[in-house]
Every structure is written in structure tokens, then in C-alpha cells.
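S.K.: Contents of my_file.txt (compact mmCIF, C-alpha atoms):
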```txt
# COMPACT_ATOMS: atom_id res chain seq x y z
CA MET K 13 41.06 57.96 66.13
CA THR K 14 41.08 55.55 63.23
CA THR K 15 40.22 51.85 63.52
CA GLU K 16 42.28 50.97 60.46
CA VAL K 17 45.20 48.90 61.68
CA PHE K 18 47.70 46.53 60.16
CA TYR K 19 46.91 43.50 62.26
CA THR K 20 43.94 41.97 64.04
CA HIS K 21 44.97 39.57 66.77
CA ALA K 22 43.52 36.13 66.07
CA ILE K 23 46.05 33.67 67.52
CA ASN K 24 44.69 30.48 69.06
CA PRO K 25 45.96 30.35 72.67
CA VAL K 26 45.87 26.54 72.57
CA ALA K 27 49.09 25.08 71.18
CA LEU K 28 47.88 21.47 71.14
CA ASP K 29 44.37 20.10 71.66
CA LEU K 30 44.33 16.40 72.49
CA GLY K 31 40.67 16.39 73.37
CA PHE K 32 41.19 15.23 76.94
CA LEU K 33 44.03 17.72 77.39
CA LYS K 34 44.71 21.18 76.04
CA ILE K 35 48.24 22.54 76.07
CA HIS K 36 48.23 26.34 76.07
CA TRP K 37 50.93 28.54 74.60
CA TYR K 38 51.04 30.41 77.91
CA GLY K 39 52.23 27.27 79.66
CA VAL K 40 54.63 26.44 76.82
CA MET K 41 56.22 29.88 77.21
CA TYR K 42 56.84 29.19 80.90
CA LEU K 43 58.67 26.01 79.92
CA VAL K 44 60.69 27.99 77.36
CA ALA K 45 61.56 30.55 80.05
CA PHE K 46 62.90 27.89 82.41
CA ALA K 47 64.75 26.13 79.58
CA ILE K 48 66.53 29.40 78.79
CA ALA K 49 67.36 29.92 82.47
CA TRP K 50 68.71 26.35 82.72
CA TRP K 51 70.94 26.85 79.66
CA LEU K 52 72.31 30.20 80.82
CA ALA K 53 72.85 28.99 84.38
CA ASN K 54 74.83 25.96 83.23
CA ARG K 55 76.93 28.15 80.94
CA GLN K 56 77.82 30.37 83.88
CA ALA K 57 78.51 27.38 86.12
CA ALA K 58 80.89 25.96 83.50
CA GLU K 59 83.08 29.07 83.58
CA PRO K 60 86.46 28.61 85.32
CA GLY K 61 86.31 29.37 89.04
CA SER K 62 82.54 29.82 89.08
CA GLY K 63 82.13 27.83 92.29
CA TRP K 64 79.02 26.17 90.90
CA ASP K 65 78.25 22.59 89.93
CA LYS K 66 75.33 21.03 88.06
CA GLU K 67 73.60 19.85 91.23
CA GLN K 68 73.57 23.37 92.64
CA VAL K 69 72.24 24.76 89.35
CA SER K 70 69.44 22.19 89.31
CA ASP K 71 68.51 23.02 92.91
CA LEU K 72 68.61 26.75 92.21
CA LEU K 73 66.25 26.42 89.25
CA PHE K 74 63.90 24.24 91.28
CA TYR K 75 63.83 26.81 94.07
CA GLY K 76 63.33 29.55 91.48
CA PHE K 77 60.54 27.63 89.76
CA LEU K 78 58.60 27.34 93.01
CA GLY K 79 59.29 30.97 93.85
CA VAL K 80 58.00 32.19 90.49
CA LEU K 81 54.82 30.08 90.55
CA LEU K 82 53.86 30.62 94.18
CA GLY K 83 54.98 34.22 94.43
CA GLY K 84 53.68 35.16 91.00
CA ARG K 85 50.22 33.80 91.63
CA LEU K 86 49.92 35.05 95.21
CA GLY K 87 51.25 38.46 94.17
CA TYR K 88 48.71 38.74 91.36
CA ILE K 89 45.88 37.87 93.74
CA LEU K 90 47.04 40.27 96.46
CA PHE K 91 48.03 43.18 94.22
CA TYR K 92 45.36 42.96 91.53
CA GLN K 93 42.50 40.53 92.25
CA PHE K 94 42.04 40.14 96.00
CA SER K 95 38.31 40.93 95.87
CA TYR K 96 37.85 38.32 93.13
CA LEU K 97 39.55 35.71 95.33
CA LEU K 98 37.01 36.38 98.08
CA GLN K 99 34.21 35.62 95.62
CA ASP K 100 35.89 32.56 94.07
CA PRO K 101 38.65 30.99 96.24
CA LEU K 102 39.44 28.34 93.58
CA TYR K 103 40.64 31.16 91.31
CA LEU K 104 43.90 30.99 93.25
CA VAL K 105 44.88 27.67 91.64
CA ARG K 106 43.53 28.23 88.11
CA ILE K 107 46.89 29.43 86.77
CA TRP K 108 46.11 28.22 83.23
CA GLU K 109 43.59 31.07 82.94
CA GLY K 110 46.45 33.58 83.24
CA GLY K 111 47.09 35.94 86.08
CA MET K 112 50.67 36.06 87.29
CA SER K 113 52.36 39.09 88.81
CA PHE K 114 56.01 39.77 88.06
CA HIS K 115 56.47 41.65 91.31
CA GLY K 116 54.93 38.79 93.25
CA GLY K 117 57.14 36.34 91.37
CA LEU K 118 60.17 38.49 92.20
CA LEU K 119 59.36 38.40 95.90
CA GLY K 120 58.93 34.64 95.64
CA VAL K 121 62.30 34.26 93.91
CA LEU K 122 64.02 36.50 96.48
CA ALA K 123 62.63 34.33 99.27
CA ALA K 124 63.69 31.16 97.43
CA MET K 125 67.18 32.62 96.93
CA ALA K 126 67.45 33.26 100.66
CA LEU K 127 66.68 29.61 101.38
CA PHE K 128 69.11 28.46 98.70
CA ALA K 129 71.90 30.76 99.92
CA ARG K 130 71.47 29.46 103.45
CA LYS K 131 71.53 25.83 102.35
CA TYR K 132 74.66 26.18 100.21
CA ARG K 133 76.27 28.96 102.27
CA LYS K 134 76.55 31.32 99.34
CA SER K 135 76.69 35.11 99.46
CA TYR K 136 73.23 36.52 98.79
CA LEU K 137 74.64 39.36 96.68
CA ALA K 138 76.81 36.98 94.66
CA LEU K 139 73.78 34.75 94.16
CA GLY K 140 71.83 37.75 92.87
CA ASP K 141 74.60 38.38 90.33
CA PHE K 142 74.37 34.77 89.17
CA VAL K 143 70.58 34.89 88.83
CA ALA K 144 70.25 38.33 87.19
CA PRO K 145 71.22 37.24 83.64
CA LEU K 146 68.82 34.29 83.81
CA ILE K 147 65.65 36.36 84.13
CA PRO K 148 65.19 38.83 81.22
CA LEU K 149 64.89 36.34 78.36
CA GLY K 150 62.48 34.30 80.45
CA LEU K 151 60.43 37.43 80.98
CA ALA K 152 60.41 37.97 77.22
CA ALA K 153 59.05 34.44 76.73
CA GLY K 154 56.32 35.09 79.28
CA ARG K 155 55.29 38.33 77.56
CA ILE K 156 55.10 36.50 74.25
CA GLY K 157 52.69 34.18 76.04
CA ASN K 158 50.63 37.22 77.08
CA PHE K 159 50.62 38.39 73.46
CA ILE K 160 49.47 35.01 72.15
CA ASN K 161 46.72 34.98 74.79
CA GLY K 162 45.61 38.41 73.59
CA GLU K 163 45.76 39.76 77.14
CA LEU K 164 47.38 42.76 78.85
CA TRP K 165 46.99 44.81 75.68
CA GLY K 166 47.86 48.47 75.44
CA ARG K 167 45.98 51.73 75.43
CA PRO K 168 44.04 52.95 72.37
CA THR K 169 46.24 54.42 69.64
CA ASP K 170 46.38 55.09 65.91
CA VAL K 171 50.10 54.40 65.43
CA PRO K 172 50.84 52.37 62.27
CA TRP K 173 51.61 49.22 64.28
CA ALA K 174 48.40 49.36 66.32
CA MET K 175 46.55 46.08 66.76
CA VAL K 176 42.96 45.09 67.38
CA PHE K 177 42.59 42.61 70.25
CA PRO K 178 39.23 40.77 70.36
CA THR K 179 38.86 41.36 74.11
CA GLY K 180 39.86 45.01 73.76
CA GLY K 181 37.09 46.24 71.50
CA ASP K 182 37.11 47.18 67.83
CA ILE K 183 39.85 49.79 68.17
CA GLY K 184 43.58 49.90 67.57
CA ARG K 185 45.75 49.44 70.64
CA HIS K 186 49.43 49.45 71.50
CA PRO K 187 50.82 45.87 71.44
CA SER K 188 52.30 46.61 74.85
CA GLN K 189 53.18 42.96 75.41
CA LEU K 190 55.78 43.30 72.65
CA TYR K 191 57.11 46.50 74.23
CA HIS K 192 57.70 44.40 77.35
CA VAL K 193 59.57 41.83 75.26
CA ALA K 194 61.82 44.49 73.77
CA LEU K 195 62.61 46.51 76.91
CA GLU K 196 62.48 44.24 79.94
CA GLY K 197 63.52 41.22 77.92
CA LEU K 198 66.01 41.80 75.10
CA LEU K 199 67.37 45.24 76.06
CA LEU K 200 67.72 44.44 79.76
CA PHE K 201 69.50 41.17 78.97
CA ALA K 202 71.96 42.99 76.70
CA ILE K 203 72.67 45.62 79.38
CA ILE K 204 73.25 43.02 82.10
CA MET K 205 75.62 41.02 79.90
CA LEU K 206 77.58 44.17 78.99
CA VAL K 207 77.92 45.13 82.66
CA ARG K 208 78.87 41.56 83.52
CA ARG K 209 81.78 41.67 81.05
CA ALA K 210 83.22 44.60 83.01
CA LYS K 211 83.45 42.35 86.12
CA PRO K 212 81.75 44.81 88.48
CA ALA K 213 81.65 44.65 92.29
CA THR K 214 79.67 41.80 93.82
CA GLY K 215 75.99 42.70 93.95
CA THR K 216 76.07 45.11 91.02
CA LEU K 217 74.34 42.83 88.51
CA GLY K 218 71.47 42.19 90.88
CA GLY K 219 71.08 45.92 91.39
CA VAL K 220 71.25 46.61 87.65
CA PHE K 221 68.48 44.09 87.08
CA LEU K 222 66.21 45.71 89.67
CA VAL K 223 66.80 49.22 88.33
CA GLY K 224 66.65 48.14 84.68
CA TYR K 225 63.45 46.17 85.00
CA GLY K 226 61.85 48.90 87.08
CA MET K 227 62.65 51.54 84.46
CA ALA K 228 61.50 49.33 81.57
CA ARG K 229 58.23 48.37 83.24
CA PHE K 230 57.58 51.94 84.42
CA THR K 231 57.95 53.14 80.82
CA VAL K 232 55.76 50.46 79.24
CA GLU K 233 52.99 51.17 81.75
CA PHE K 234 52.38 54.49 79.95
CA PHE K 235 51.32 52.48 76.89
CA ARG K 236 49.61 49.56 78.64
CA GLU K 237 45.93 49.67 79.50
CA PRO K 238 45.56 49.88 83.30
CA ASP K 239 43.62 47.09 84.99
CA ALA K 240 39.94 47.94 84.60
CA HIS K 241 39.10 47.41 88.26
CA LEU K 242 42.07 49.52 89.44
CA GLY K 243 42.51 52.13 86.75
CA VAL K 244 45.04 54.90 87.26
CA LEU K 245 45.96 55.39 90.91
CA SER K 246 47.48 58.31 92.83
CA PHE K 247 49.60 60.85 90.93
CA GLY K 248 48.42 59.38 87.63
CA MET K 249 50.44 56.18 88.14
CA THR K 250 49.32 52.59 87.66
CA MET K 251 49.75 49.77 90.15
CA GLY K 252 52.65 48.43 88.10
CA GLN K 253 54.44 51.78 88.29
CA TRP K 254 53.93 52.05 92.04
CA LEU K 255 55.33 48.56 92.53
CA CYS K 256 58.38 49.48 90.42
CA LEU K 257 59.37 52.44 92.59
CA PRO K 258 60.62 50.47 95.62
CA MET K 259 62.24 48.03 93.23
CA MET K 260 64.30 50.78 91.56
CA ILE K 261 65.21 52.35 94.90
CA ALA K 262 66.38 48.98 96.23
CA GLY K 263 68.41 48.36 93.08
CA LEU K 264 70.18 51.71 93.35
CA ALA K 265 70.90 51.09 97.04
CA ILE K 266 72.43 47.69 96.21
CA ILE K 267 74.64 49.18 93.48
CA VAL K 268 75.88 51.94 95.81
CA PHE K 269 76.48 49.44 98.62
CA ALA K 270 78.33 47.05 96.30
CA ARG K 271 80.54 49.83 95.01
CA SER K 272 81.30 51.29 98.45
CA ARG K 273 82.11 47.86 99.86
CA ALA K 274 84.48 47.17 96.97
CA VAL K 275 86.22 50.53 97.51
CA THR K 276 86.56 49.84 101.23
CA ALA K 277 87.97 46.38 100.58
CA GLY K 278 90.44 47.83 98.08
CA ALA K 279 91.60 50.43 100.56
CA LYS K 280 92.28 47.75 103.20
CA ALA K 281 94.17 45.52 100.78
```
Do you think you could lay out the structure here as C-alpha cells?

M.R.:
Amino acid sequence: MTTEVFYTHAINPVALDLGFLKIHWYGVMYLVAFAIAWWLANRQAAEPGSGWDKEQVSDLLFYGFLGVLLGGRLGYILFYQFSYLLQDPLYLVRIWEGGMSFHGGLLGVLAAMALFARKYRKSYLALGDFVAPLIPLGLAAGRIGNFINGELWGRPTDVPWAMVFPTGGDIGRHPSQLYHVALEGLLLFAIIMLVRRAKPATGTLGGVFLVGYGMARFTVEFFREPDAHLGVLSFGMTMGQWLCLPMMIAGLAIIVFARSRAVTAGAKA
């Protein structure tokens, strides 16, 4: 394998250093993600007959923000770094060092959605359809943050676009963070918006998101370096791939349920 690559990663993870305060790009990308979600949510709420107002959108994003932060951090600790937490309990709150799990964040958001749906008496499936388009571009922003941090790099490769990451040794690696941006961010967003234009049965968009993200993440995991302390697990799959399996199954079940319910309702009409 050759070490000759086109790019050596040397991006400063600190966006602004005020001396007494350092603002990291990773945190900035989280703000960008929520700004995108806020803009898209308000666009959807402004559509005729949406049944949403600005107060509900603000509450939803607040619930989602808490779900992402709490679920993402707890999920990362439980799925990937539980032994490290036992050695250093304060690691749980040091979010600025990185370490957020999408699957944990998803569980946190699902729980937050349940609370929101109960408060505003909204259909959980309809709420999932409203939320689904808000997530992919935010995920893309978060993965750009991973790239800037020089973390979660890919497996060794000699492809022309290989990159050298300082924490990954003096070898070319897949820029797997950018693969995440392309597949689970841009492509998934485009698919969801195309399906949304077809006005599918209630619940379909939420199911499409679960299946689409699961497939995108499952694919990228083949190019992403497994966590050193976990490595490759049973059947040659990584932890990320194992966590995607129930997600894809749930998404397919939701799509089938949504479709069958719509057909039943049409037959009774």
C-alpha cells in the first residue's frame, strides 16, 4: 500500500480561540444542524393545512435538542465506552471532547417525540413524518464536524482520494466522514423529499428515514475503521452495523403498517 495521498488532514478543530474560551468547530456544526432543522421545520409548518404553529415548532426543536444531547451522549457511553466511564465518570459530561452516538441520539429523539406527541395530542406516526426531513442535513453537518476534528476516519486504502489523519498513523485512509455526509446526509435528504412529494401514507417518511439511514450507515461501516477497543464483532460486522439492523427492520415494519392501514381506510371509505 502506498502512503502517497492527495491530502494530509491538518484542520484546526478550534474555530475561535478567545483565550478564556475556545469555540470548537464540532460545537459550531451542532448549531448549524439545529439551525437547518429550525428552518426546515418552519417551512413545513407554513404549508397550508399543516396543523403546526411556530410555538409547536419551537417546542419540538427544544425537545429534540435535549433528546439528541442526552441520548447521543448516553448512547455513546453505553454502546462504545462503558468501561471508560467506570474509570472516569466525568467523561460523561465532557461532550466537547467528542463522543456522540447517532443511535443513542435517535433513541433520545424518539423518547422526546413521545413526550411531545402526548403534550400536543399529535399522532406519533404523523410526527415522525414531520421530523424525518429535518434530520439528514443535520447529520451531514455533524459528520463535517467529525471530519474537521480528524476523528472517526476510515480504514487504510490507496484510493486516489485517500487522506492521512494525524491520529490515524502515516498511512492513507478512507475519508469515511465524508462518505457519511454524502449518503446519510445529502442522498437520504433527497430521497425523503422525493417520497414526501408523492404524499405517501402517514408514517411512511419516518419508516423511509429509518431504512435509509440504516442502509447508508451499514454501507459506510465497511470503509470506516472500527472502534479500536471493539473491533469487528460477530459475523464480521461492526457495532454500528449491528445497531443498524433493528433500525432497518423497524423502518420496514412501519412502512408496511402505514401502507396496510391506508389500504384498510380506503376500503372502508

S.K.: Could you name the residues that touch Ala129 in chain K at 12 Å or less, counting all atoms listed in the file, but leaving out those on the same chain fewer than 4 positions away, as an mmCIF file with C-alpha atoms, keeping the file's coordinate frame?

M.R.:
```cif
data_model
loop_
_atom_site.group_PDB
_atom_site.id
_atom_site.type_symbol
_atom_site.label_atom_id
_atom_site.label_comp_id
_atom_site.auth_asym_id
_atom_site.auth_seq_id
_atom_site.Cartn_x
_atom_site.Cartn_y
_atom_site.Cartn_z
ATOM 1 C CA GLN K 68 73.570 23.370 92.640
ATOM 2 C CA ASP K 71 68.510 23.020 92.910
ATOM 3 C CA LEU K 72 68.610 26.750 92.210
ATOM 4 C CA TYR K 75 63.830 26.810 94.070
ATOM 5 C CA VAL K 121 62.300 34.260 93.910
ATOM 6 C CA LEU K 122 64.020 36.500 96.480
ATOM 7 C CA ALA K 123 62.630 34.330 99.270
ATOM 8 C CA ALA K 124 63.690 31.160 97.430
ATOM 9 C CA MET K 125 67.180 32.620 96.930
ATOM 10 C CA ARG K 133 76.270 28.960 102.270
ATOM 11 C CA LYS K 134 76.550 31.320 99.340
ATOM 12 C CA SER K 135 76.690 35.110 99.460
ATOM 13 C CA TYR K 136 73.230 36.520 98.790
ATOM 14 C CA LEU K 137 74.640 39.360 96.680
ATOM 15 C CA ALA K 138 76.810 36.980 94.660
ATOM 16 C CA LEU K 139 73.780 34.750 94.160
ATOM 17 C CA GLY K 140 71.830 37.750 92.870
ATOM 18 C CA PHE K 142 74.370 34.770 89.170
ATOM 19 C CA VAL K 143 70.580 34.890 88.830
#
```

S.K.: Could you check which of K:Phe234, K:Trp165, K:Phe77, K:Phe221 is closest to Ala45 in chain K, using only C-alpha atoms?

M.R.: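 Under the stated criterion, the closest residue is K:Phe77.
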
S.K.: How many Å separate CA of Gly248 in chain K from CA of Ala265 in chain K?

M.R.: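 CA of Gly248 in chain K sits 25.7 Å away from CA of Ala265 in chain K.
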
S.K.: Of the candidates K:Gly263, K:His115, K:Arg208, K:Val69, which shows the shortest atom-to-atom distance to Arg55 in chain K, using all atoms listed in the file?

M.R.: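 Smallest distance to Arg55 in chain K is found for K:Val69.
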
S.K.: Would you compute the distance between CA of Asp65 in chain K and CA of Tyr132 in chain K? Give it in Å to one decimal.

M.R.: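 Rounded to one decimal, the two atoms are 11.5 Å apart.
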
S.K.: Find the residue from K:Gly218, K:Gly76, K:Gly252, K:Gly31 that sits nearest to Arg236 in chain K; use only C-alpha atoms when measuring.

M.R.: K:Gly252

S.K.: Between CA of Asn158 in chain K and CA of His241 in chain K, what is the spacing in Å?

M.R.: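 Going from CA of His241 in chain K over to CA of Asn158 in chain K, I get 19.0 Å.
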
S.K.: Can you work out which one of K:Phe247, K:Tyr92, K:Trp37, K:Trp173 has the shortest atom-to-atom distance to Tyr191 in chain K, counting only C-alpha atoms?

M.R.: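 Residue with the minimum atom-to-atom distance to Tyr191 in chain K: K:Trp173.
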
S.K.: Have a look at K:Phe114, K:Trp51, K:Tyr225, K:Trp254 and name the one nearest to Leu200 in chain K; count only C-alpha atoms.

M.R.: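 Counting only C-alpha atoms, the residue closest to Leu200 in chain K is K:Tyr225.
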
S.K.: For a quick check of understanding, using all atoms listed in the file, which of K:Pro258, K:Gly219, K:Gly162, K:Gly226 has the smallest distance to Ile23 in chain K?

M.R.: K:Gly162
